[in-house]
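target_25.cif, holding mmCIF, C-alpha atoms and all ligand atoms:
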```cif
data_query
loop_
_atom_site.label_atom_id
_atom_site.label_comp_id
_atom_site.auth_asym_id
_atom_site.auth_seq_id
_atom_site.Cartn_x
_atom_site.Cartn_y
_atom_site.Cartn_z
CA MET A 1040 26.01 -3.49 2.59
CA VAL A 1041 22.70 -2.32 4.06
CA ALA A 1042 20.07 -5.00 4.69
CA PRO A 1043 16.89 -4.34 2.69
CA ALA A 1044 13.97 -2.99 4.73
CA ALA A 1045 11.88 -6.05 5.44
CA GLY A 1046 8.99 -7.25 7.55
CA ARG A 1047 6.76 -10.26 7.95
CA LEU A 1048 3.22 -11.25 7.03
CA VAL A 1049 1.46 -14.31 8.48
CA ARG A 1050 -1.76 -15.78 7.14
CA VAL A 1051 -3.90 -18.47 8.73
CA THR A 1052 -7.37 -19.91 8.53
CA ALA A 1053 -9.20 -20.50 11.79
CA ARG A 1054 -12.44 -22.13 12.96
CA GLU A 1055 -12.24 -24.93 10.37
CA GLY A 1056 -11.65 -22.54 7.51
CA ARG A 1057 -14.59 -20.26 8.30
CA CYS A 1058 -12.30 -17.33 9.24
CA ARG A 1059 -9.34 -15.97 7.35
CA LEU A 1060 -6.80 -14.02 9.37
CA LEU A 1061 -3.75 -12.07 8.24
CA ALA A 1062 -1.34 -10.01 10.30
CA LEU A 1063 1.81 -8.15 9.42
CA ASP A 1064 4.69 -6.19 10.84
CA ALA A 1065 6.05 -3.82 8.19
CA THR A 1066 7.75 -1.27 10.44
CA ASP A 1067 11.01 -1.19 8.49
CA VAL A 1068 9.15 -1.08 5.17
CA VAL A 1069 7.09 1.98 6.17
CA ALA A 1070 10.25 3.61 7.60
CA GLU A 1071 11.84 3.16 4.16
CA ILE A 1072 8.79 4.69 2.44
CA ARG A 1073 8.96 7.66 4.82
CA ARG A 1074 12.64 8.15 4.00
CA ARG A 1075 12.00 8.05 0.25
CA GLN A 1076 8.87 10.23 0.32
CA GLY A 1077 10.20 12.78 2.85
CA THR A 1078 6.87 12.80 4.68
CA ASP A 1079 5.83 14.63 7.84
CA PRO A 1080 4.07 12.54 10.55
CA VAL A 1081 0.49 12.77 9.26
CA ALA A 1082 1.57 11.99 5.69
CA THR A 1083 3.79 9.14 6.98
CA ALA A 1084 0.79 7.61 8.76
CA ALA A 1085 -1.46 7.99 5.71
CA VAL A 1086 0.97 6.64 3.10
CA GLY A 1087 2.03 3.92 5.55
CA ARG A 1088 -1.56 2.77 6.04
CA VAL A 1089 -2.08 2.70 2.27
CA ALA A 1090 1.09 0.59 1.90
CA LEU A 1091 -0.06 -1.80 4.67
CA SER A 1092 -3.46 -2.12 2.96
CA ALA A 1093 -1.77 -2.91 -0.36
CA LEU A 1094 0.32 -5.64 1.31
CA LEU A 1095 -2.85 -7.22 2.76
CA LEU A 1096 -4.56 -7.05 -0.65
CA GLY A 1097 -1.41 -8.43 -2.31
CA ALA A 1098 -1.41 -11.44 0.01
CA LEU A 1099 -4.97 -12.24 -1.15
CA LEU A 1100 -4.26 -12.11 -4.89
CA LYS A 1101 -5.30 -15.21 -6.81
CA GLU A 1102 -2.89 -17.32 -8.82
CA ASN A 1103 -3.39 -15.47 -12.13
CA GLU A 1104 -3.19 -12.00 -10.55
CA GLN A 1105 0.21 -10.31 -10.54
CA LEU A 1106 -0.07 -6.88 -8.97
CA VAL A 1107 -2.53 -4.88 -6.92
CA THR A 1108 -2.69 -1.08 -7.00
CA LEU A 1109 -4.54 0.81 -4.30
CA ARG A 1110 -5.46 4.45 -5.00
CA VAL A 1111 -6.95 6.72 -2.36
CA ARG A 1112 -8.23 10.01 -3.74
CA GLY A 1113 -9.62 12.29 -1.07
CA SER A 1114 -10.39 16.00 -1.11
CA GLY A 1115 -7.91 16.89 1.65
CA PRO A 1116 -4.42 18.40 1.36
CA LEU A 1117 -2.55 15.07 0.98
CA GLY A 1118 -3.67 14.67 -2.63
CA THR A 1119 -3.70 11.18 -4.12
CA LEU A 1120 -2.07 8.24 -2.32
CA ILE A 1121 -0.98 5.20 -4.32
CA ALA A 1122 0.57 1.89 -3.32
CA THR A 1123 1.33 -1.21 -5.37
CA ALA A 1124 2.03 -4.69 -4.00
CA THR A 1125 2.89 -8.07 -5.47
CA PRO A 1126 1.78 -11.50 -4.23
CA THR A 1127 5.38 -12.01 -3.06
CA GLY A 1128 5.19 -9.08 -0.63
CA GLU A 1129 6.99 -6.31 -2.51
CA VAL A 1130 5.44 -2.90 -1.93
CA ARG A 1131 6.01 0.74 -2.87
CA ALA A 1132 3.90 3.81 -2.14
CA LEU A 1133 3.65 7.51 -2.82
CA VAL A 1134 1.72 10.50 -1.56
CA GLY A 1135 0.78 13.57 -3.65
CA ASN A 1136 1.76 16.07 -0.95
CA PRO A 1137 4.28 14.75 1.61
CA ARG A 1138 4.03 17.85 3.85
CA PRO A 1139 0.38 18.97 3.85
CA ASP A 1140 -0.64 22.27 5.40
CA ILE A 1141 -2.80 20.83 8.22
CA GLU A 1142 -2.75 20.24 11.99
CA GLN A 1143 -0.70 17.06 12.53
CA VAL A 1144 -2.72 15.89 15.53
CA ALA A 1145 -6.53 15.68 15.66
CA ASP A 1146 -8.70 16.57 18.69
CA ASN A 1147 -8.61 12.93 19.83
CA GLY A 1148 -4.80 13.11 20.17
CA LYS A 1149 -4.20 10.88 17.16
CA LEU A 1150 -2.53 11.79 13.87
CA ASN A 1151 -5.01 13.70 11.73
CA VAL A 1152 -5.13 11.19 8.86
CA GLY A 1153 -8.88 11.31 8.14
CA ALA A 1154 -8.92 15.10 7.67
CA ALA A 1155 -5.65 15.08 5.72
CA VAL A 1156 -7.09 12.52 3.29
CA GLY A 1157 -10.43 14.35 3.30
CA LEU A 1158 -14.00 13.38 2.38
CA PRO A 1159 -15.56 12.97 -0.09
CA GLY A 1160 -13.22 10.67 -1.91
CA THR A 1161 -12.74 7.26 -3.44
CA LEU A 1162 -10.72 4.10 -2.87
CA THR A 1163 -9.88 2.17 -6.00
CA VAL A 1164 -8.38 -1.32 -6.17
CA THR A 1165 -6.91 -2.51 -9.47
CA ARG A 1166 -5.75 -6.11 -9.85
CA ASP A 1167 -3.54 -6.82 -12.88
CA LEU A 1168 -3.82 -10.24 -14.47
CA ALA A 1169 -1.13 -12.18 -16.30
CA MET A 1170 -3.32 -11.77 -19.39
CA GLY A 1171 -6.34 -9.62 -20.23
CA GLU A 1172 -7.98 -6.57 -18.75
CA PRO A 1173 -7.36 -5.75 -15.08
CA TYR A 1174 -10.14 -5.95 -12.46
CA VAL A 1175 -10.99 -2.49 -11.16
CA SER A 1176 -13.32 -1.77 -8.30
CA MET A 1177 -14.06 1.51 -6.55
CA VAL A 1178 -15.85 2.50 -3.34
CA GLU A 1179 -16.57 5.83 -1.63
CA LEU A 1180 -14.28 6.70 1.28
CA GLN A 1181 -16.09 6.27 4.61
CA SER A 1182 -13.74 8.08 7.01
CA GLY A 1183 -10.45 8.62 5.19
CA GLU A 1184 -8.71 6.68 7.99
CA ILE A 1185 -7.85 3.97 5.39
CA GLY A 1186 -8.40 0.89 7.63
CA GLU A 1187 -12.17 1.45 7.87
CA ASP A 1188 -12.27 2.30 4.18
CA LEU A 1189 -10.52 -0.96 3.29
CA ALA A 1190 -12.96 -2.94 5.46
CA TYR A 1191 -15.85 -1.23 3.62
CA TYR A 1192 -14.24 -2.17 0.29
CA PHE A 1193 -14.08 -5.85 1.32
CA VAL A 1194 -17.72 -5.86 2.39
CA LEU A 1195 -19.05 -4.01 -0.65
CA SER A 1196 -16.83 -5.32 -3.46
CA GLU A 1197 -16.03 -8.81 -2.26
CA GLN A 1198 -19.04 -9.51 -0.01
CA ALA A 1199 -16.60 -10.55 2.71
CA PRO A 1200 -17.48 -9.30 6.24
CA SER A 1201 -14.13 -7.94 7.40
CA ALA A 1202 -12.37 -6.15 10.22
CA VAL A 1203 -9.21 -4.24 9.41
CA GLY A 1204 -6.84 -2.86 12.05
CA ILE A 1205 -3.81 -1.06 10.67
CA GLY A 1206 -1.63 1.61 12.18
CA VAL A 1207 1.62 3.54 11.95
CA PHE A 1208 3.26 4.90 15.11
CA VAL A 1209 5.49 7.92 14.50
CA ASP A 1210 7.70 9.21 17.35
CA ALA A 1211 8.46 12.83 18.29
CA ASP A 1212 11.37 12.90 15.80
CA GLY A 1213 9.08 11.81 12.97
CA GLU A 1214 10.61 8.31 12.83
CA VAL A 1215 8.44 5.23 12.26
CA ARG A 1216 8.55 3.07 15.42
CA ALA A 1217 5.80 0.59 14.51
CA ALA A 1218 3.70 -0.14 11.42
CA GLY A 1219 1.47 -3.11 10.88
CA GLY A 1220 -1.90 -4.59 11.60
CA TYR A 1221 -4.37 -7.31 10.77
CA LEU A 1222 -7.28 -8.34 8.58
CA ALA A 1223 -9.97 -10.72 9.81
CA GLN A 1224 -12.57 -12.04 7.36
CA LEU A 1225 -15.53 -14.36 7.63
CA MET A 1226 -15.53 -16.89 4.82
CA PRO A 1227 -18.56 -18.51 3.17
CA GLY A 1228 -20.02 -21.01 5.64
CA ALA A 1229 -19.25 -18.89 8.71
CA ASP A 1230 -22.17 -18.69 11.15
CA GLU A 1231 -23.31 -16.04 13.63
CA ALA A 1232 -21.28 -17.58 16.44
CA ASP A 1233 -18.10 -17.27 14.38
CA GLY A 1234 -18.88 -13.60 13.71
CA ALA A 1235 -19.68 -12.89 17.35
CA ARG A 1236 -16.48 -14.52 18.65
CA LEU A 1237 -14.35 -12.66 16.13
CA GLU A 1238 -16.03 -9.37 16.97
CA ARG A 1239 -15.48 -9.89 20.69
CA ALA A 1240 -11.80 -10.80 20.24
CA ILE A 1241 -11.19 -7.73 18.09
CA ARG A 1242 -13.05 -5.41 20.47
CA GLU A 1243 -10.71 -6.48 23.28
CA LEU A 1244 -7.59 -6.12 21.17
CA PRO A 1245 -5.16 -3.24 21.82
CA SER A 1246 -4.28 -1.11 18.76
CA PRO A 1247 -1.95 -2.82 16.24
CA THR A 1248 0.91 -0.42 17.00
CA GLU A 1249 0.52 -0.96 20.78
CA MET A 1250 0.83 -4.70 20.21
CA LEU A 1251 3.87 -4.31 17.95
CA LEU A 1252 5.56 -1.88 20.35
CA SER A 1253 5.03 -4.34 23.21
CA GLY A 1254 6.88 -7.00 21.21
CA ALA A 1255 3.92 -8.99 19.85
CA GLY A 1256 4.66 -10.12 16.29
CA PRO A 1257 2.12 -11.07 13.61
CA GLY A 1258 1.82 -14.64 14.95
CA GLU A 1259 0.96 -13.41 18.45
CA ILE A 1260 -1.58 -10.89 17.06
CA LEU A 1261 -3.31 -13.73 15.18
CA ARG A 1262 -3.38 -15.96 18.26
CA ARG A 1263 -5.15 -13.19 20.17
CA ILE A 1264 -7.74 -12.69 17.40
CA ALA A 1265 -8.36 -16.41 16.97
CA ASP A 1266 -9.29 -16.65 20.65
CA GLY A 1267 -7.76 -19.97 21.66
CA VAL A 1268 -8.40 -21.76 18.36
CA ASP A 1269 -5.57 -23.98 17.14
CA LEU A 1270 -3.97 -22.19 14.18
CA SER A 1271 -2.47 -25.08 12.27
CA VAL A 1272 -2.75 -23.79 8.70
CA ARG A 1273 -0.10 -21.19 8.46
CA GLU A 1274 1.74 -19.36 5.75
CA GLU A 1275 4.49 -16.88 6.44
CA ARG A 1276 6.25 -14.60 4.00
CA PRO A 1277 8.62 -11.66 4.10
CA VAL A 1278 7.42 -8.23 2.97
CA ARG A 1279 9.81 -5.60 1.67
CA PHE A 1280 10.09 -2.27 -0.06
CA HIS A 1281 10.83 -2.69 -3.73
CA CYS A 1282 10.31 -0.36 -6.69
CA PRO A 1283 10.33 -2.07 -10.08
CA CYS A 1284 11.23 1.11 -11.98
CA GLY A 1285 14.24 1.15 -14.30
CA PRO A 1286 15.72 2.87 -17.38
CA ASP A 1287 13.39 0.97 -19.75
CA ARG A 1288 10.27 2.09 -17.89
CA ALA A 1289 11.56 5.69 -17.78
CA GLU A 1290 12.05 5.54 -21.55
CA ARG A 1291 8.53 4.17 -22.09
CA ALA A 1292 7.07 6.92 -19.87
CA LEU A 1293 8.87 9.50 -21.98
CA MET A 1294 7.63 7.91 -25.22
CA LEU A 1295 4.04 8.24 -23.95
CA LEU A 1296 4.44 12.03 -24.12
CA GLY A 1297 4.67 11.88 -27.91
CA SER A 1298 7.19 13.58 -30.19
CA GLU A 1299 5.92 17.17 -29.72
CA GLU A 1300 6.21 17.06 -25.93
CA MET A 1301 9.56 15.30 -26.16
CA ARG A 1302 10.88 18.08 -28.38
CA ALA A 1303 9.76 20.59 -25.75
CA VAL A 1304 11.67 18.58 -23.10
CA ARG A 1305 14.72 18.62 -25.41
CA GLU A 1306 14.63 22.45 -25.50
CA VAL A 1307 14.53 22.96 -21.69
CA PRO A 1308 17.57 25.15 -21.00
CA GLY A 1309 20.23 23.85 -18.61
CA VAL A 1310 19.15 20.20 -18.82
CA PRO A 1311 20.83 18.29 -21.65
CA GLY A 1312 18.52 15.49 -22.81
CA ALA A 1313 15.79 14.54 -20.38
CA GLU A 1314 15.62 13.79 -16.67
CA LEU A 1315 12.89 11.68 -15.07
CA THR A 1316 12.43 11.03 -11.37
CA CYS A 1317 10.47 8.01 -10.12
CA GLY A 1318 7.73 9.28 -7.80
CA PHE A 1319 7.82 6.08 -5.72
CA CYS A 1320 11.53 5.66 -4.94
CA GLY A 1321 13.16 8.94 -6.03
CA GLN A 1322 15.55 7.30 -8.53
CA VAL A 1323 16.60 9.78 -11.26
CA TYR A 1324 16.91 8.57 -14.85
CA ARG A 1325 18.92 10.67 -17.31
CA ILE A 1326 18.41 10.30 -21.03
CA GLU A 1327 21.29 11.72 -23.07
CA PRO A 1328 20.52 14.23 -25.86
CA ASP A 1329 21.37 11.89 -28.78
CA HIS A 1330 19.32 9.10 -27.17
CA LEU A 1331 16.42 11.54 -26.77
CA ASP A 1332 16.74 12.49 -30.45
CA ARG A 1333 16.42 8.82 -31.41
CA LEU A 1334 13.30 8.46 -29.23
CA ILE A 1335 11.76 11.57 -30.82
CA GLU A 1336 12.43 10.02 -34.25
CA GLU A 1337 10.82 6.72 -33.17
CA ALA A 1338 7.79 8.49 -31.67
CA HIS A 1339 7.33 10.44 -34.88
CA GLU A 1340 7.10 7.29 -37.02
ZN ZN B 1 11.15 3.74 -8.60
#
```
What would the structure in this file look like if it were written as structure tokens?
Ligand code: ZN
Amino acid sequence: MVAPAAGRLVRVTAREGRCRLLALDATDVVAEIRRRQGTDPVATAAVGRVALSALLLGALLKENEQLVTLRVRGSGPLGTLIATATPTGEVRALVGNPRPDIEQVADNGKLNVGAAVGLPGTLTVTRDLAMGEPYVSMVELQSGEIGEDLAYYFVLSEQAPSAVGIGVFVDADGEVRAAGGYLAQLMPGADEADGARLERAIRELPSPTEMLLSGAGPGEILRRIADGVDLSVREERPVRFHCPCGPDRAERALMLLGSEEMRAVREVPGVPGAELTCGFCGQVYRIEPDHLDRLIEEAHE
């Protein structure tokens, strides 16, 4: 039995509720996404950052919101990146092109994520409700580095001054050694002094992956950001990779094609019935020929 890839997210309020701070370590989760997506280092960093962002957004969902989907559409060779996360910390992610034709390392010695995502582009956040239409909000990409783009989204769409630090450290063998980060937000009622203290603490902070690699967990990262403030309000939850796909969803996806397209699938030589592969987790769903015939009948009605 293999233990599921898991990590940890900690959320606190500081300075009498005027600051909201979240930090997470999702190293094993991003390692699992890399394994399933078959990504090279720059794509691992990009899809990992999108997954980390989705986990942060997921942790902020309100009671009637069930799922958040983050879509990053740039004009670079990675194509579209998508991650979904639940309020309970389950995340999955995919990247359009897992092995883009681009220099892996930028001039600054870091993984070339911004160029691989590519400007211009958009970042879209969709929050699904238990009932009714989802909330959708879209901003222009600022750098394609994902963390900065997410901070811009918070400022523009939610009027919440925010700092986002997220990172994925990939070693020479392409393995994920650290993935995580933090989100710091000023809440209504915060004053200039709160903002200045937060800014100073974050300026002096090492990168998220440096902190994780040195053994600092989410709690320690938050203590450093909060700058000596007593962090009494505290919520901690596990985060893990989970894909909610299944045979029923595969069948529904097939039905969306309509009867004409399904007949065309039926006629593909060498493949009896239909075969669908989940883009998030790689699970293959086979639909037997007689089952496919029934679906074509149903779609035709
Ligand atoms: Zn799946």
| request: Write out as a ChimeraX atom specification each polymer residue whose atoms come within 7 Å of A:Met1294, counting only C-alpha atoms; drop sequence neighbours fewer than 3 positions from it. | output: /A:1290-1291,1297,1334,1338
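Neighbouring residues of ligand ZN 1 (chain B) at a cut-off of 10 Å, counting all atoms listed in the file, are A:Arg1075, A:Arg1131, A:Ala1132, A:His1281, A:Cys1282, A:Pro1283, A:Cys1284, A:Gly1285, A:Pro1286, A:Arg1288, A:Ala1289, A:Thr1316, A:Cys1317, A:Gly1318, A:Phe1319, A:Cys1320, A:Gly1321, A:Gln1322, A:Val1323, A:Tyr1324.
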Review point. With distances taken over all atoms listed in the file, which of A:Thr1163, A:Ile1185, A:Met1177, A:Ala1292 is nearest to A:Leu1091?
Key: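 Using all atoms listed in the file, the shortest distance to A:Leu1091 belongs to A:Ile1185.
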Hey, which bits of stretch 1122-1238 of chain A sit within 12 Å of stretch 1243-1254 of chain A, and for each residue what's the closest pair of atoms and how far apart in Å (one decimal), counting all atoms listed in the file, rows by chain and increasing number, as a tab-separated table?
```
residue	atom	partner	partner_atom	distance
A:Gly1186	CA	A:Pro1247	CA	11.4
A:Ala1202	CA	A:Leu1244	CA	11.9
A:Val1203	CA	A:Pro1247	CA	10.1
A:Gly1204	CA	A:Pro1247	CA	6.4
A:Ile1205	CA	A:Pro1247	CA	6.1
A:Gly1206	CA	A:Thr1248	CA	5.8
A:Val1207	CA	A:Thr1248	CA	6.5
A:Phe1208	CA	A:Thr1248	CA	6.1
A:Val1209	CA	A:Thr1248	CA	9.8
A:Asp1210	CA	A:Leu1252	CA	11.7
A:Val1215	CA	A:Thr1248	CA	10.5
A:Arg1216	CA	A:Leu1252	CA	7.6
A:Ala1217	CA	A:Thr1248	CA	5.6
A:Ala1218	CA	A:Thr1248	CA	6.2
A:Gly1219	CA	A:Pro1247	CA	6.4
A:Gly1220	CA	A:Pro1247	CA	5.0
A:Tyr1221	CA	A:Pro1247	CA	7.5
A:Leu1222	CA	A:Pro1247	CA	10.8
A:Arg1236	CA	A:Glu1243	CA	10.9
A:Leu1237	CA	A:Glu1243	CA	10.1
A:Glu1238	CA	A:Glu1243	CA	8.7
```
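The closest residue to A:Arg1273, picked from A:Arg1059, A:Arg1242, A:Arg1325, A:Arg1333 and counting all atoms listed in the file, is A:Arg1059.
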For stretch 1111-1118 of chain A: contacts at 8 Å, all atoms listed in the file, fewer than 4 positions along chain excluded, given as number ranges by chain:
A: 1082, 1089, 1134-1141, 1154-1163, 1180, 1183
Go ahead and write the residues just picked, C-alpha atoms, as a CSV table (one decimal), in the coordinates of the input.
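Heads up, here's the output in selection-v3.csv:
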```
chain,number,residue,atom,x,y,z
A,1082,ALA,CA,1.6,12.0,5.7
A,1089,VAL,CA,-2.1,2.7,2.3
A,1134,VAL,CA,1.7,10.5,-1.6
A,1135,GLY,CA,0.8,13.6,-3.6
A,1136,ASN,CA,1.8,16.1,-1.0
A,1137,PRO,CA,4.3,14.8,1.6
A,1138,ARG,CA,4.0,17.8,3.8
A,1139,PRO,CA,0.4,19.0,3.8
A,1140,ASP,CA,-0.6,22.3,5.4
A,1141,ILE,CA,-2.8,20.8,8.2
A,1154,ALA,CA,-8.9,15.1,7.7
A,1155,ALA,CA,-5.6,15.1,5.7
A,1156,VAL,CA,-7.1,12.5,3.3
A,1157,GLY,CA,-10.4,14.4,3.3
A,1158,LEU,CA,-14.0,13.4,2.4
A,1159,PRO,CA,-15.6,13.0,-0.1
A,1160,GLY,CA,-13.2,10.7,-1.9
A,1161,THR,CA,-12.7,7.3,-3.4
A,1162,LEU,CA,-10.7,4.1,-2.9
A,1163,THR,CA,-9.9,2.2,-6.0
A,1180,LEU,CA,-14.3,6.7,1.3
A,1183,GLY,CA,-10.4,8.6,5.2
```
*Need the neighbours of (3.4, -8.7, 7.4): which residues are at most 8 Å away, counting all atoms listed in the file, as JSON, numbers by chain?*
{"A": [1046, 1047, 1048, 1049, 1061, 1062, 1063, 1064, 1065, 1094, 1095, 1219, 1220, 1257, 1276, 1277, 1278]}
| said: One decimal, in Å: what's the spacing between atom CA of A:Arg1279 and atom CA of A:Leu1150? | reply: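 If I compute the distance from atom CA of A:Arg1279 to atom CA of A:Leu1150, I get 24.6 Å.
Nearest-residue note for A:Ala1085: choosing from A:Ala1303, A:Leu1060, A:Leu1133, A:Met1170, the minimum distance belongs to A:Leu1133, counting all atoms listed in the file.
Here atom CA of A:Leu1096 stands at a distance of 23.4 Å from atom CA of A:Arg1074.
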With distances taken over all atoms listed in the file, the candidate from A:Val1130, A:Val1178, A:Ile1121, A:Ala1093 nearest A:Asp1067 is A:Val1130
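When atom CA of A:Lys1149 is paired with atom CA of A:Thr1165, their separation reads 29.9 Å.
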Which residue out of A:Pro1311, A:Gly1148, A:Pro1200, A:Gly1256 has the minimum interatomic distance to A:Ala1235 when only C-alpha atoms are used?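 The closest residue to A:Ala1235 is A:Pro1200.
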Across A:Glu1071, A:Asp1287, A:Asp1266, A:Glu1299, the smallest distance to A:Asp1233, with all atoms listed in the file counted, is shown by A:Asp1266
Exercise for the section: Please check which residues have atoms at most 6 Å from (-12.9, 9.5, 8.7) in the file's coordinates, counting only C-alpha atoms, and write them as number ranges by chain. Expected result: A: 1153, 1182-1184
Please provide the set of residues having any atom within 9 Å of A:Arg1305, restricted to only C-alpha atoms, with same-chain residues fewer than 5 positions apart removed, written as a PDB file with C-alpha atoms, keeping the file's coordinate frame.
```pdb
ATOM      1  CA  GLU A1300       6.210  17.060 -25.930  1.00  0.00           C
ATOM      2  CA  VAL A1310      19.150  20.200 -18.820  1.00  0.00           C
ATOM      3  CA  PRO A1311      20.830  18.290 -21.650  1.00  0.00           C
ATOM      4  CA  GLY A1312      18.520  15.490 -22.810  1.00  0.00           C
ATOM      5  CA  ALA A1313      15.790  14.540 -20.380  1.00  0.00           C
ATOM      6  CA  PRO A1328      20.520  14.230 -25.860  1.00  0.00           C
ATOM      7  CA  LEU A1331      16.420  11.540 -26.770  1.00  0.00           C
ATOM      8  CA  ASP A1332      16.740  12.490 -30.450  1.00  0.00           C
TER       9      ASP A1332
END
```
